[in-house]
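J.: There's a structure below that I have some questions on.
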Amino acid sequence: MDAGAILAQCRLFAGLPPQALQQLAALCEPLELRGGDTLFGVGQPAEHLYLVALGRLRARLPDGSIAGDIGRLEPAGEISLLSGEPHSAEVQALRDSLLLRLPRVPLIEFLQTYPAALLALTRTIVQRMRRNQREAVKDTARGGQTLALIGGGSLDVAALAQRLQSALSESGAPIELIGANTIDAVFGAGAAHAPLREIEFDAQRMAWIGRIENSGHTLLLYAREDDPVWAERCLRQADRILIAVDSTEPARDTALLARLRELALRTPVELLILRADDAAAGDVQGWRRLGGARAHYFVRPQPEPTSTADYASVARQLSGRGLGLVLGGGGARAFAHIGLMRALEQLRIPVDLAGGTSMGAFFAALRACGADSYEMQRVARETFIEHNYLNDYVLPRVSLIRGRKFLAHLRAIFGERRIEELRLPYFAVSTNLSRATTMVHDSGPLAVWVGTSMSVPGFSPPVAYRGELLVDGAVTNSLPTDVMLQLGRGPIVASDVSTDGSLLAPGIEGPDQEALLNQAVRPPVTLIDILFASAVLTSESGVRARAARADLYLRMPVSGVGLFDWKQLDTIVDRCCEYALPRLEAFARGLSAA
C-alpha cells in the first residue's frame, strides 16, 4: 500500500509539499480490519489518527445512535486525538477495510510544523460536530455505498441485480454491476474463486473496488448462495447486504446464512422478497431471524407497471431517497392527514413507508394497506360519523369504555393482516406505561397494534402485553419522527395535528374549582378533553425536537377543531389539502434538485 499516494488524495494533506507528504508517510502503519472488527471503543485512550484507505467504518454514540459513516480517505479518531480525551464514540468496520494508522505524538509534532494540515483537520472536526442527527443519518444513507445482493434457491440473481441496477440508475448515480465473471475478466479466470486466505489478491480486489467507488459510482455486487467463495467476498465488501428470497419458499437455513452469522459483520442486512401480486407474504419473520435482517422489501416479479414501481421504491429507500410519512395523533384533527394524502396524490409524490401514533397510526395503516385518500375519507365517515363504536361504556374503574366494539371494527377494516406482510413498510407506536417508554410495533397483528396506539388513558383500557400495560402512543411520542429517522430510508414528511393552545377557562378569574362543573367555561371542556390533554402534555413539550427531524414539517391548520368534532371531516380534509399543496410542491422541487 502506497501511503504517500493515499495521503496525497486525502483532503487533510493534499495541499502539503512533497517532502512533507514523504515525512508523514514514514509515520504511517497499515492496519487491516475485517468487517465487524472494532477499531476503538468508548472511553479508550486516543493514541492514533486513522485514515481509511479502502472500505468503510461506522461511528456509534454510547446511546447506540449512528454518529456517521467514515468512508475512503476520511479520518477517524481526530477529535480525541487533538483534545487528548478518551474516545466518545465506538468505531467499527462495516466491511473489510484497510487503514493508515498515525501515532499521536509524532503526528502532533508534524501538525505544529505544518499548520495548514492542522487547520484542515480542525475544519473536519467542526463540520462533524455541527452535523445534527438528521444530517448524519441522511449522509449515511446517501453516501456512496457498495451493495451485495445474494440470491438462493431457484432465483435468477443476475436478473434481479439488473432490475435493481436499472431502478438505482434512475436516482442519477452511476451503478457498476459486479459479478464473479466481472472479477475473472479483470484479474484472470478463476480469480473470483481464489481461496479467501489469499490476502494479496483481496487487497488488489479491494483497491480496484475502491477506485471505482472513488469515481462516484455505487457498486452492486451479486452472487448465488451456491457460489460460497465469491458470495463471502461480496458479504465482506458490502456496506449493505440484500438477501433475495421467494415468498413461496419456507424459511430455511443455508450454509451461506450460517456463514453470515458466523462472520458477525456489522453490515446492515435486509431481505428482498419476491412476492407475486396475489401471493401470501410467506415466513417473513423466519427469514429475518435466519439472516439477521433488520428490514424487508416486497417486489412483484410481474405484472408491469407495479413491478417497476416496487423496484423503484426499493431503490429510493436503498439510496436514502425514500419518502417516509409520519402522522401524529389528535382525534378528529387527524382528518387533516387525509388532506395531506390527497395533496400527495394530486402531485404524484410516491410514499415509500409510513408510520404514526394514535389516529395518525390509523390513517398511516390505511395508506400501508393501499387505500387512497377517498377510501380513507369513506372509512373515516363510516367509523366516526355514521356509527358510534366508542359507546360501550363501563363503570369507570379502569376506563370510560370497554373498547371491544372499536377493536372489532378495526378488525373488520384491517382483517387478519400482519404488519410485516404489508407491501408498504409501516410502524405504529404505543406507550409502555409500565416502563414509561415508547414501543415501536413493526410486526404483529395490524388491528391490535393500531388499536393499542389509539388507547387514550382513562378513556380506553390499557392493553396488557407480556405482563406490562400499553396505551396511546401520543403519551410519550405524539409525532414519531425519531423512529422514522432511525430507519435511514430518506426524507421525512411529518404531519402534526396538535394545537398551539392548551385547555383554557376564558373569563374565569378564580380560583374556582367548580367552574367546569357549573359549565361556566365556554367553549365547554369535557372529561375527554382533560384526559387527552393530560396524556399528551409531556409529549407536546418535545414537539420542536420532533419537527427538527423532519425534512418537511407541516403544522396543520386545525386550530379550533375539538377532539370529537367528527362532523368537520370534509371541511378539515379540504382545508388541509389546500394548505399542503404549495408546501409539498416546493418540497418536491427541492428533492428533484438534490
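Following the order of the C-alpha cells, chains are lettered A, B, ..., residues in each are numbered from 1, and ligands are numbered from 1.
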Can you list, as a VMD selection string, every protein, DNA or RNA residue that comes within 7 Å of Pro457 of chain A when you count only C-alpha atoms, leaving out same-chain residues fewer than 5 positions away?
T.: chain A and resid 462 471 to 472 531 535
J.: Please save all heavy atoms of the selected residues as a compact mmCIF listing (two decimals), in the first residue's frame.
T.:
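Result file result.txt:
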```txt
# COMPACT_ATOMS: atom_id res chain seq x y z
N PRO A 462 -56.05 0.21 29.11
CA PRO A 462 -54.71 -0.16 28.65
C PRO A 462 -54.71 -1.59 28.11
O PRO A 462 -55.55 -2.42 28.49
CB PRO A 462 -53.85 -0.05 29.91
CG PRO A 462 -54.62 0.86 30.82
CD PRO A 462 -56.07 0.58 30.53
N VAL A 471 -50.53 1.90 26.27
CA VAL A 471 -51.60 2.86 25.98
C VAL A 471 -51.22 3.68 24.76
O VAL A 471 -50.23 3.41 24.08
CB VAL A 471 -51.85 3.79 27.20
CG1 VAL A 471 -52.36 2.99 28.39
CG2 VAL A 471 -50.58 4.57 27.56
N ASP A 472 -52.01 4.72 24.52
CA ASP A 472 -51.86 5.61 23.38
C ASP A 472 -50.41 6.06 23.20
O ASP A 472 -49.75 6.52 24.14
CB ASP A 472 -52.76 6.84 23.60
CG ASP A 472 -52.95 7.66 22.33
OD1 ASP A 472 -51.94 8.10 21.75
OD2 ASP A 472 -54.10 7.86 21.94
N LEU A 531 -58.61 14.33 29.82
CA LEU A 531 -57.84 13.09 29.77
C LEU A 531 -56.80 13.14 28.65
O LEU A 531 -55.63 12.80 28.85
CB LEU A 531 -58.77 11.90 29.56
CG LEU A 531 -59.64 11.48 30.75
CD1 LEU A 531 -60.63 10.39 30.33
CD2 LEU A 531 -58.78 11.00 31.91
N ALA A 535 -52.74 13.37 28.88
CA ALA A 535 -51.96 12.25 28.34
C ALA A 535 -50.81 12.72 27.47
O ALA A 535 -49.73 12.13 27.48
CB ALA A 535 -52.87 11.32 27.55
```
J.: Please return as a PyMOL selection string: the residues of segment 269-446 of chain A that backbone DSSP assigns to strand (DSSP E or B).
T.: chain A and resi 269-274+295-299+324-327+353-357+393+401+418+426-432+437-441+445
J.: Using only C-alpha atoms, which of the listed residues (A:Leu265, A:Leu160, A:Trp208, A:Ala67) sits closest to Thr38 of chain A?
T.: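 Among A:Leu265, A:Leu160, A:Trp208, A:Ala67, it is A:Leu265 that comes nearest to Thr38 of chain A.
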J.: Mind the document's chain letters and residue numbers, and return as an MDAnalysis selection string the residues of segment 179-423 of chain A that DSSP labels alpha helix (DSSP H).
T.: chainID A and resid 180:187 199:214 228:237 255:263 284:291 306:318 336:347 359:368 373:381 404:414
J.: Write the residues you've just listed into a file as a short mmCIF file (atom, residue, chain, number, x, y, z; two decimals), in the first residue's frame, and include C-alpha atoms for each of them.
T.:
```cif
data_model
loop_
_atom_site.label_atom_id
_atom_site.label_comp_id
_atom_site.auth_asym_id
_atom_site.auth_seq_id
_atom_site.Cartn_x
_atom_site.Cartn_y
_atom_site.Cartn_z
CA ALA A 180 -17.88 -13.25 -10.37
CA ASN A 181 -17.48 -13.04 -14.14
CA THR A 182 -16.50 -9.36 -13.83
CA ILE A 183 -13.71 -10.20 -11.37
CA ASP A 184 -12.48 -13.02 -13.61
CA ALA A 185 -12.37 -10.65 -16.57
CA VAL A 186 -10.26 -8.13 -14.62
CA PHE A 187 -7.94 -10.42 -12.64
CA ILE A 199 -4.68 -11.68 1.20
CA GLU A 200 -2.65 -10.20 -1.65
CA PHE A 201 -5.46 -10.83 -4.11
CA ASP A 202 -8.04 -9.48 -1.66
CA ALA A 203 -6.01 -6.28 -1.28
CA GLN A 204 -5.84 -5.92 -5.07
CA ARG A 205 -9.59 -6.50 -5.36
CA MET A 206 -10.33 -4.00 -2.59
CA ALA A 207 -8.08 -1.40 -4.22
CA TRP A 208 -9.82 -1.92 -7.56
CA ILE A 209 -13.26 -1.57 -5.97
CA GLY A 210 -12.02 1.47 -4.05
CA ARG A 211 -11.02 3.21 -7.28
CA ILE A 212 -14.50 2.61 -8.73
CA GLU A 213 -16.13 3.97 -5.57
CA ASN A 214 -13.86 6.99 -5.60
CA PRO A 228 -19.80 -19.66 -1.45
CA VAL A 229 -16.32 -18.16 -2.02
CA TRP A 230 -17.45 -15.29 -4.22
CA ALA A 231 -20.58 -14.81 -2.08
CA GLU A 232 -18.47 -14.40 1.06
CA ARG A 233 -16.26 -11.87 -0.70
CA CYS A 234 -19.41 -9.91 -1.59
CA LEU A 235 -20.58 -10.04 2.02
CA ARG A 236 -17.22 -8.84 3.32
CA GLN A 237 -17.02 -5.95 0.86
CA ALA A 255 -24.64 -22.72 4.60
CA LEU A 256 -24.36 -19.10 3.45
CA LEU A 257 -26.78 -17.77 6.09
CA ALA A 258 -24.92 -19.77 8.73
CA ARG A 259 -21.65 -18.30 7.48
CA LEU A 260 -23.13 -14.80 7.57
CA ARG A 261 -24.00 -15.29 11.24
CA GLU A 262 -20.50 -16.64 11.95
CA LEU A 263 -18.87 -13.60 10.37
CA VAL A 284 -41.10 -13.18 6.73
CA GLN A 285 -40.12 -13.36 10.37
CA GLY A 286 -38.42 -16.73 9.89
CA TRP A 287 -36.27 -15.41 7.04
CA ARG A 288 -35.44 -12.28 9.03
CA ARG A 289 -34.27 -14.33 12.00
CA LEU A 290 -32.10 -16.62 9.89
CA GLY A 291 -30.47 -13.74 8.02
CA THR A 306 -46.50 -2.45 -10.48
CA SER A 307 -43.26 -4.44 -10.60
CA THR A 308 -41.30 -1.44 -11.86
CA ALA A 309 -42.88 0.73 -9.15
CA ASP A 310 -41.83 -1.81 -6.50
CA TYR A 311 -38.21 -1.81 -7.64
CA ALA A 312 -38.23 1.99 -7.87
CA SER A 313 -39.42 2.24 -4.26
CA VAL A 314 -36.75 -0.19 -3.06
CA ALA A 315 -34.10 1.76 -4.99
CA ARG A 316 -35.20 5.03 -3.41
CA GLN A 317 -35.01 3.54 0.07
CA LEU A 318 -31.62 1.92 -0.55
CA ALA A 336 -56.00 16.58 8.26
CA HIS A 337 -53.86 13.58 7.29
CA ILE A 338 -56.42 12.67 4.63
CA GLY A 339 -55.98 16.14 3.14
CA LEU A 340 -52.21 15.60 3.08
CA MET A 341 -52.68 12.24 1.33
CA ARG A 342 -54.88 13.90 -1.29
CA ALA A 343 -52.26 16.56 -1.93
CA LEU A 344 -49.57 13.89 -2.34
CA GLU A 345 -51.80 12.06 -4.81
CA GLN A 346 -52.51 15.18 -6.84
CA LEU A 347 -48.81 15.95 -7.09
CA MET A 359 -55.16 8.46 14.96
CA GLY A 360 -52.06 9.00 12.85
CA ALA A 361 -51.28 5.30 13.19
CA PHE A 362 -54.82 4.56 11.95
CA PHE A 363 -54.51 6.61 8.75
CA ALA A 364 -50.92 5.50 8.12
CA ALA A 365 -52.15 1.90 8.36
CA LEU A 366 -54.86 2.57 5.79
CA ARG A 367 -52.19 4.01 3.47
CA ALA A 368 -49.97 0.98 4.04
CA SER A 373 -57.46 9.48 0.24
CA TYR A 374 -61.04 8.94 -0.98
CA GLU A 375 -61.19 5.48 0.54
CA MET A 376 -59.75 6.88 3.78
CA GLN A 377 -62.45 9.56 3.84
CA ARG A 378 -65.13 6.92 3.32
CA VAL A 379 -63.73 4.78 6.15
CA ALA A 380 -63.45 7.80 8.44
CA ARG A 381 -67.06 8.77 7.74
CA ARG A 404 -64.38 -4.04 22.46
CA LYS A 405 -66.65 -2.52 19.78
CA PHE A 406 -63.91 -0.31 18.37
CA LEU A 407 -61.37 -3.13 18.23
CA ALA A 408 -63.94 -5.32 16.45
CA HIS A 409 -64.41 -2.55 13.91
CA LEU A 410 -60.65 -2.23 13.38
CA ARG A 411 -60.54 -5.98 12.72
CA ALA A 412 -63.33 -5.54 10.19
CA ILE A 413 -61.28 -2.85 8.44
CA PHE A 414 -57.85 -4.49 8.52
#
```
J.: Which value, in Å to one decimal, gives the distance between atom CA of Pro115 of chain A and atom CA of Ser88 of chain A?
T.: 25.4 Å
J.: Between atom CA of Ile70 of chain A and atom CA of Ser215 of chain A, what is the distance in Å, rounded to a tenth?
T.: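 Atom-to-atom, atom CA of Ile70 of chain A to atom CA of Ser215 of chain A, that is 16.8 Å.
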J.: Point out the residue among A:Gly41, A:Gly292, A:Pro195, A:Pro523 with the least atom-to-atom distance to Ala505 of chain A, counting only C-alpha atoms.
T.: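 Checking each of A:Gly41, A:Gly292, A:Pro195, A:Pro523 against Ala505 of chain A, counting only C-alpha atoms, the winner is A:Pro523.
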J.: Residues of segment 445-494 of chain A that have any atom at most 12 Å from an atom of segment 578-592 of chain A: could you tabulate them with the shortest-distance atom pair and the distance in Å to one decimal, using only C-alpha atoms, ordered by chain and increasing number, as a tab-separated table?
T.:
```
residue	atom	partner	partner_atom	distance
A:Gly490	CA	A:Leu591	CA	10.5
A:Pro491	CA	A:Leu591	CA	8.7
A:Ile492	CA	A:Phe587	CA	10.7
A:Val493	CA	A:Leu584	CA	9.1
A:Ala494	CA	A:Ala580	CA	11.2
```
J.: With N, CA and C atoms retained, write the just-selected residues as an mmCIF file, in the first residue's frame.
T.:
```
data_model
loop_
_atom_site.group_PDB
_atom_site.id
_atom_site.type_symbol
_atom_site.label_atom_id
_atom_site.label_comp_id
_atom_site.auth_asym_id
_atom_site.auth_seq_id
_atom_site.Cartn_x
_atom_site.Cartn_y
_atom_site.Cartn_z
ATOM 1 N N GLY A 490 -34.622 7.917 4.024
ATOM 2 C CA GLY A 490 -34.681 9.112 3.209
ATOM 3 C C GLY A 490 -35.445 10.228 3.885
ATOM 4 N N PRO A 491 -35.883 11.242 3.101
ATOM 5 C CA PRO A 491 -36.546 12.425 3.665
ATOM 6 C C PRO A 491 -37.864 12.081 4.344
ATOM 7 N N ILE A 492 -38.222 12.917 5.327
ATOM 8 C CA ILE A 492 -39.403 12.673 6.148
ATOM 9 C C ILE A 492 -40.373 13.835 5.997
ATOM 10 N N VAL A 493 -41.629 13.510 5.734
ATOM 11 C CA VAL A 493 -42.716 14.481 5.786
ATOM 12 C C VAL A 493 -43.531 14.182 7.027
ATOM 13 N N ALA A 494 -43.647 15.161 7.921
ATOM 14 C CA ALA A 494 -44.341 14.967 9.190
ATOM 15 C C ALA A 494 -45.576 15.850 9.247
#
```
J.: For Ser455 of chain A, list every protein, DNA or RNA residue within 12 Å, evaluated using only C-alpha atoms, and leave out those in the same chain fewer than 2 positions away; present the list as a ChimeraX atom specification.
T.: /A:329,331,357-359,361-362,390,399-404,406-407,429-433,448-453,457-464,469-475,531-532,535
J.: Tell me which of A:Ser434, A:Ser83, A:Thr218, A:Thr267 sits closest to Thr122 of chain A, counting only C-alpha atoms.
T.: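 Between A:Ser434, A:Ser83, A:Thr218, A:Thr267, the residue approaching Thr122 of chain A most closely is A:Ser83.
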J.: Need to verify the contact set: segment 558-567 of chain A, 8 Å, only C-alpha atoms, exclusion of same-chain residues closer than 4 positions in sequence. Can you return it as a PyMOL selection string?
T.: chain A and resi 330-333+336+384-385+497-500+529+572
J.: I need the chosen residues saved as a PDB file, in the first residue's frame, with N, CA and C atoms.
T.:
```
ATOM      1  N   GLY A 330     -54.423  13.102  17.327  1.00  0.00           N
ATOM      2  CA  GLY A 330     -55.175  14.291  17.716  1.00  0.00           C
ATOM      3  C   GLY A 330     -56.661  14.195  17.485  1.00  0.00           C
ATOM      4  N   GLY A 331     -57.252  12.995  17.597  1.00  0.00           N
ATOM      5  CA  GLY A 331     -58.687  12.859  17.443  1.00  0.00           C
ATOM      6  C   GLY A 331     -59.155  13.305  16.068  1.00  0.00           C
ATOM      7  N   ALA A 332     -60.266  14.063  16.032  1.00  0.00           N
ATOM      8  CA  ALA A 332     -60.826  14.492  14.753  1.00  0.00           C
ATOM      9  C   ALA A 332     -59.869  15.376  13.972  1.00  0.00           C
ATOM     10  N   ARG A 333     -58.947  16.019  14.658  1.00  0.00           N
ATOM     11  CA  ARG A 333     -57.977  16.863  13.953  1.00  0.00           C
ATOM     12  C   ARG A 333     -57.124  16.040  12.987  1.00  0.00           C
ATOM     13  N   ALA A 336     -56.935  15.794   9.075  1.00  0.00           N
ATOM     14  CA  ALA A 336     -56.005  16.576   8.258  1.00  0.00           C
ATOM     15  C   ALA A 336     -55.076  15.675   7.462  1.00  0.00           C
ATOM     16  N   PHE A 384     -66.461   7.177  12.242  1.00  0.00           N
ATOM     17  CA  PHE A 384     -66.592   8.206  13.269  1.00  0.00           C
ATOM     18  C   PHE A 384     -67.851   9.072  13.157  1.00  0.00           C
ATOM     19  N   ILE A 385     -68.594   8.950  12.054  1.00  0.00           N
ATOM     20  CA  ILE A 385     -69.794   9.776  11.902  1.00  0.00           C
ATOM     21  C   ILE A 385     -71.060   8.919  11.815  1.00  0.00           C
ATOM     22  N   VAL A 497     -50.880  17.437  14.034  1.00  0.00           N
ATOM     23  CA  VAL A 497     -52.236  17.966  14.209  1.00  0.00           C
ATOM     24  C   VAL A 497     -52.486  18.373  15.657  1.00  0.00           C
ATOM     25  N   SER A 498     -51.408  18.541  16.411  1.00  0.00           N
ATOM     26  CA  SER A 498     -51.578  19.092  17.746  1.00  0.00           C
ATOM     27  C   SER A 498     -51.862  20.590  17.609  1.00  0.00           C
ATOM     28  N   THR A 499     -52.441  21.181  18.629  1.00  0.00           N
ATOM     29  CA  THR A 499     -52.792  22.595  18.567  1.00  0.00           C
ATOM     30  C   THR A 499     -51.868  23.410  19.450  1.00  0.00           C
ATOM     31  N   ASP A 500     -51.683  24.664  19.090  1.00  0.00           N
ATOM     32  CA  ASP A 500     -50.806  25.535  19.859  1.00  0.00           C
ATOM     33  C   ASP A 500     -51.380  25.851  21.234  1.00  0.00           C
ATOM     34  N   ASP A 529     -61.515  15.826  26.954  1.00  0.00           N
ATOM     35  CA  ASP A 529     -60.509  16.858  26.678  1.00  0.00           C
ATOM     36  C   ASP A 529     -59.414  16.833  27.738  1.00  0.00           C
ATOM     37  N   ILE A 572     -62.217  19.743   7.144  1.00  0.00           N
ATOM     38  CA  ILE A 572     -60.804  19.583   7.527  1.00  0.00           C
ATOM     39  C   ILE A 572     -59.993  19.032   6.361  1.00  0.00           C
TER      40      ILE A 572
END
```
J.: Hey, which of A:Ala548, A:Phe427, A:Leu220, A:Pro445 ends up closest to Gly415 of chain A? Count only C-alpha atoms.
T.: A:Pro445
J.: Do a neighbour search on Asp352 of chain A at 7 Å with only C-alpha atoms, toss out local chain neighbours closer than 6 positions, and write the hits as number ranges by chain.
T.: A: 313, 322-324, 424
J.: Would you save the residues of that selection, restricted to N, CA, C and O atoms, as a PDB file, in the first residue's frame?
T.:
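Okay, this is what ended up in selection_4.pdb:
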```pdb
ATOM      1  N   SER A 313     -39.298   1.908  -5.680  1.00  0.00           N
ATOM      2  CA  SER A 313     -39.417   2.240  -4.258  1.00  0.00           C
ATOM      3  C   SER A 313     -38.252   1.664  -3.467  1.00  0.00           C
ATOM      4  O   SER A 313     -37.677   2.349  -2.608  1.00  0.00           O
ATOM      5  N   GLY A 322     -36.009   7.477  -0.172  1.00  0.00           N
ATOM      6  CA  GLY A 322     -37.374   7.028   0.053  1.00  0.00           C
ATOM      7  C   GLY A 322     -38.129   8.015   0.930  1.00  0.00           C
ATOM      8  O   GLY A 322     -37.602   8.501   1.930  1.00  0.00           O
ATOM      9  N   LEU A 323     -39.356   8.307   0.574  1.00  0.00           N
ATOM     10  CA  LEU A 323     -40.153   9.288   1.319  1.00  0.00           C
ATOM     11  C   LEU A 323     -40.897   8.589   2.454  1.00  0.00           C
ATOM     12  O   LEU A 323     -41.722   7.706   2.226  1.00  0.00           O
ATOM     13  N   GLY A 324     -40.607   9.027   3.682  1.00  0.00           N
ATOM     14  CA  GLY A 324     -41.272   8.490   4.861  1.00  0.00           C
ATOM     15  C   GLY A 324     -42.315   9.456   5.374  1.00  0.00           C
ATOM     16  O   GLY A 324     -42.039  10.655   5.539  1.00  0.00           O
ATOM     17  N   LEU A 424     -46.210  -1.903   1.836  1.00  0.00           N
ATOM     18  CA  LEU A 424     -45.611  -0.628   2.218  1.00  0.00           C
ATOM     19  C   LEU A 424     -45.119  -0.740   3.654  1.00  0.00           C
ATOM     20  O   LEU A 424     -45.899  -1.020   4.559  1.00  0.00           O
TER      21      LEU A 424
END
```
J.: Contacts of Arg275 of chain A at 8 Å or less, counting only C-alpha atoms, minus same-chain residues fewer than 3 places along, as a ChimeraX atom specification?
T.: /A:246-248,279-281,298-301
J.: Any idea what's packed within 9 Å of segment 507-510 of chain A, counting only C-alpha atoms, ignoring anything in its chain fewer than 3 positions away? Could you give it as a ChimeraX atom specification?
T.: /A:513,515,520-522
J.: Keeping only N, CA, C and O atoms, write those residues as a tab-separated table (two decimals), in the first residue's frame.
T.:
```tsv
chain	number	residue	atom	x	y	z
A	513	GLN	N	-62.91	26.03	41.72
A	513	GLN	CA	-62.79	24.59	41.49
A	513	GLN	C	-63.99	24.02	40.75
A	513	GLN	O	-63.89	22.97	40.13
A	515	ALA	N	-65.83	25.64	38.33
A	515	ALA	CA	-66.17	26.35	37.10
A	515	ALA	C	-66.57	25.40	35.97
A	515	ALA	O	-67.55	25.63	35.26
A	520	ALA	N	-69.45	26.95	33.40
A	520	ALA	CA	-69.21	28.39	33.24
A	520	ALA	C	-68.16	28.69	32.18
A	520	ALA	O	-67.97	29.84	31.81
A	521	VAL	N	-67.47	27.68	31.72
A	521	VAL	CA	-66.40	27.87	30.74
A	521	VAL	C	-66.96	27.64	29.34
A	521	VAL	O	-67.64	26.64	29.09
A	522	ARG	N	-66.68	28.58	28.45
A	522	ARG	CA	-67.09	28.46	27.05
A	522	ARG	C	-65.88	28.70	26.15
A	522	ARG	O	-65.20	29.71	26.34
```
J.: If I take atom CA of Ala20 of chain A and atom CA of Leu54 of chain A, how far is one from the other in Å, to one decimal?
T.: 22.6 Å
